[in-house]
Amino acid sequence: MKNYLLFVWTLIDPVYYGLTRLKYVPDEHNQRTLFRVRLTKYKGRTIHLKDGTIIHKNDVLIKIHFHNVKLLSTLLPIKNDTKRALIAFKIIKASVPALAKYVEERYGNCKVKGVIGISTLNKGANRLGFEIFPIRSRVYYTYKCLTFALINYLSNKPVFQKPVYLFMSKQQLLTFNRELKRHEM
């Protein structure tokens, strides 16, 4: 059943992609990474990040979306929860340098304050430089829970994980990327 649902989602995903103004973030080989992005105006409460960045209503952010079909296609055959979590973490971590390069090249000199995402994959997000904040609006939280229901089902999560906001300032993203590069050398 899960394979069938994933197949149907694979067929629907290009339509979703076309309607959402998302752009793929390419890696150094011009291959699509896990991230798809678009500019957005932030509509939530004021957020204070650890590096001193303050995000206010109507600030410009880069909204990141995981390419969930791509991630789930990789993870679905893996039965061990720990192994699945480690592989997901590695895939996301491998995509962060491409995201940093994309942001620096396209939005380095503009008013973009950072990146925002909403995910149930938040364990370990702080090790990637993200800060986690709860979704305060009950209506929006309920909507996101419903939209994540299929993802949770397909990812074999035994317990429903709450969706949360993931924030990272533009400066933190660029700094994190430089630190990753330094460790690779």
# chains A, B, ... in the order shown; residues from 1 in each chain; ligands from 1
>>> closest_atom_pairs(of="stretch 73-94 of chain A", to="stretch 35-44 of chain A", cutoff="12 Å", atoms="only C-alpha atoms", output="tab-separated table")
residue	atom	partner	partner_atom	distance
A:Ile91	CA	A:Phe35	CA	10.3
A:Ile92	CA	A:Phe35	CA	8.3
A:Lys93	CA	A:Phe35	CA	10.8
A:Ala94	CA	A:Phe35	CA	10.5
>>> select_by_dssp(residues="stretch 6-151 of chain A", states="alpha helix (DSSP H)", output="JSON, numbers by chain")
{"A": [6, 7, 8, 9, 10, 11, 12, 13, 14, 15, 16, 17, 18, 19, 68, 69, 70, 71, 72, 73, 74, 75, 81, 82, 83, 84, 85, 86, 87, 88, 89, 90, 91, 92, 93, 94, 95, 96, 97, 98, 99, 100, 101, 102, 103, 104, 105, 106, 107, 138, 139, 140, 141, 142, 143, 144, 145, 146, 147, 148, 149, 150, 151]}
>>> select_by_dssp(residues="stretch 40-154 of chain A", states="strand (DSSP E or B)", output="JSON, numbers by chain")
{"A": [40, 41, 47, 48, 54, 55, 60, 61, 62, 63, 64, 65, 66, 114, 115, 116, 117, 118, 119, 131, 132, 133, 134]}
>>> closest_atom_pairs(of="stretch 5-109 of chain A", to="stretch 163-176 of chain A", cutoff="9 Å", atoms="only C-alpha atoms", output="JSON lines")
{"residue": "A:Ile47", "atom": "CA", "partner": "A:Phe167", "partner_atom": "CA", "distance": 8.9}
{"residue": "A:Leu49", "atom": "CA", "partner": "A:Ser169", "partner_atom": "CA", "distance": 7.4}
{"residue": "A:Asp51", "atom": "CA", "partner": "A:Gln172", "partner_atom": "CA", "distance": 7.3}
{"residue": "A:Thr53", "atom": "CA", "partner": "A:Ser169", "partner_atom": "CA", "distance": 6.5}
{"residue": "A:Ile54", "atom": "CA", "partner": "A:Ser169", "partner_atom": "CA", "distance": 8.9}
{"residue": "A:Ile55", "atom": "CA", "partner": "A:Ser169", "partner_atom": "CA", "distance": 8.8}
{"residue": "A:Leu61", "atom": "CA", "partner": "A:Lys170", "partner_atom": "CA", "distance": 8.8}
{"residue": "A:Val96", "atom": "CA", "partner": "A:Leu173", "partner_atom": "CA", "distance": 8.2}
{"residue": "A:Pro97", "atom": "CA", "partner": "A:Phe176", "partner_atom": "CA", "distance": 8.5}
{"residue": "A:Leu99", "atom": "CA", "partner": "A:Leu173", "partner_atom": "CA", "distance": 8.4}
{"residue": "A:Ala100", "atom": "CA", "partner": "A:Leu174", "partner_atom": "CA", "distance": 5.6}
{"residue": "A:Lys101", "atom": "CA", "partner": "A:Leu174", "partner_atom": "CA", "distance": 7.9}
{"residue": "A:Val103", "atom": "CA", "partner": "A:Lys170", "partner_atom": "CA", "distance": 7.7}
{"residue": "A:Glu104", "atom": "CA", "partner": "A:Leu174", "partner_atom": "CA", "distance": 7.4}
{"residue": "A:Gly108", "atom": "CA", "partner": "A:Lys170", "partner_atom": "CA", "distance": 8.3}
>>> atom_distance(atom1="atom CA of A:Phe7", atom2="atom CA of A:Ser73")
9.2 Å
>>> residues_around(residues="A:His67", least_positions_apart="3", cutoff="12 Å", atoms="only C-alpha atoms", output="number ranges by chain")
A: 9-10, 13-14, 16-17, 22-25, 32-37, 64, 70-74, 88, 91-92, 95, 119, 151
>>> residues_around(residues="A:Thr120", least_positions_apart="5", cutoff="12 Å", atoms="only C-alpha atoms", output="list in words")
His65, Phe66, Asn68, Ala125, Ile132, Phe133, Pro134, Ile135, Tyr141, Lys144, Cys145, Leu146, Thr147, Phe148, Ala149, Leu150, Ile151, Asn152, Ser155, Lys157, Val159, Phe160, Gln161, Lys162, Pro163, Val164, Tyr165 and Leu166 of chain A
>>> closest_residue(among="A:Glu131, A:Asn3, A:Leu154, A:Asn109", to="A:His48", atoms="only C-alpha atoms")
A:Glu131
>>> residues_around(residues="A:Gly124", least_positions_apart="3", cutoff="10 Å", atoms="only C-alpha atoms", output="number ranges by chain")
A: 85-86, 89, 121, 127-130
>>> closest_residue(among="A:Ala98, A:Leu75, A:Ile12, A:Leu19", to="A:Lys181", atoms="only C-alpha atoms")
A:Ala98
>>> atom_distance(atom1="atom CA of A:Arg136", atom2="atom CA of A:Tyr107")
28.4 Å
>>> atom_distance(atom1="atom CA of A:Ile62", atom2="atom CA of A:Lys113")
8.2 Å
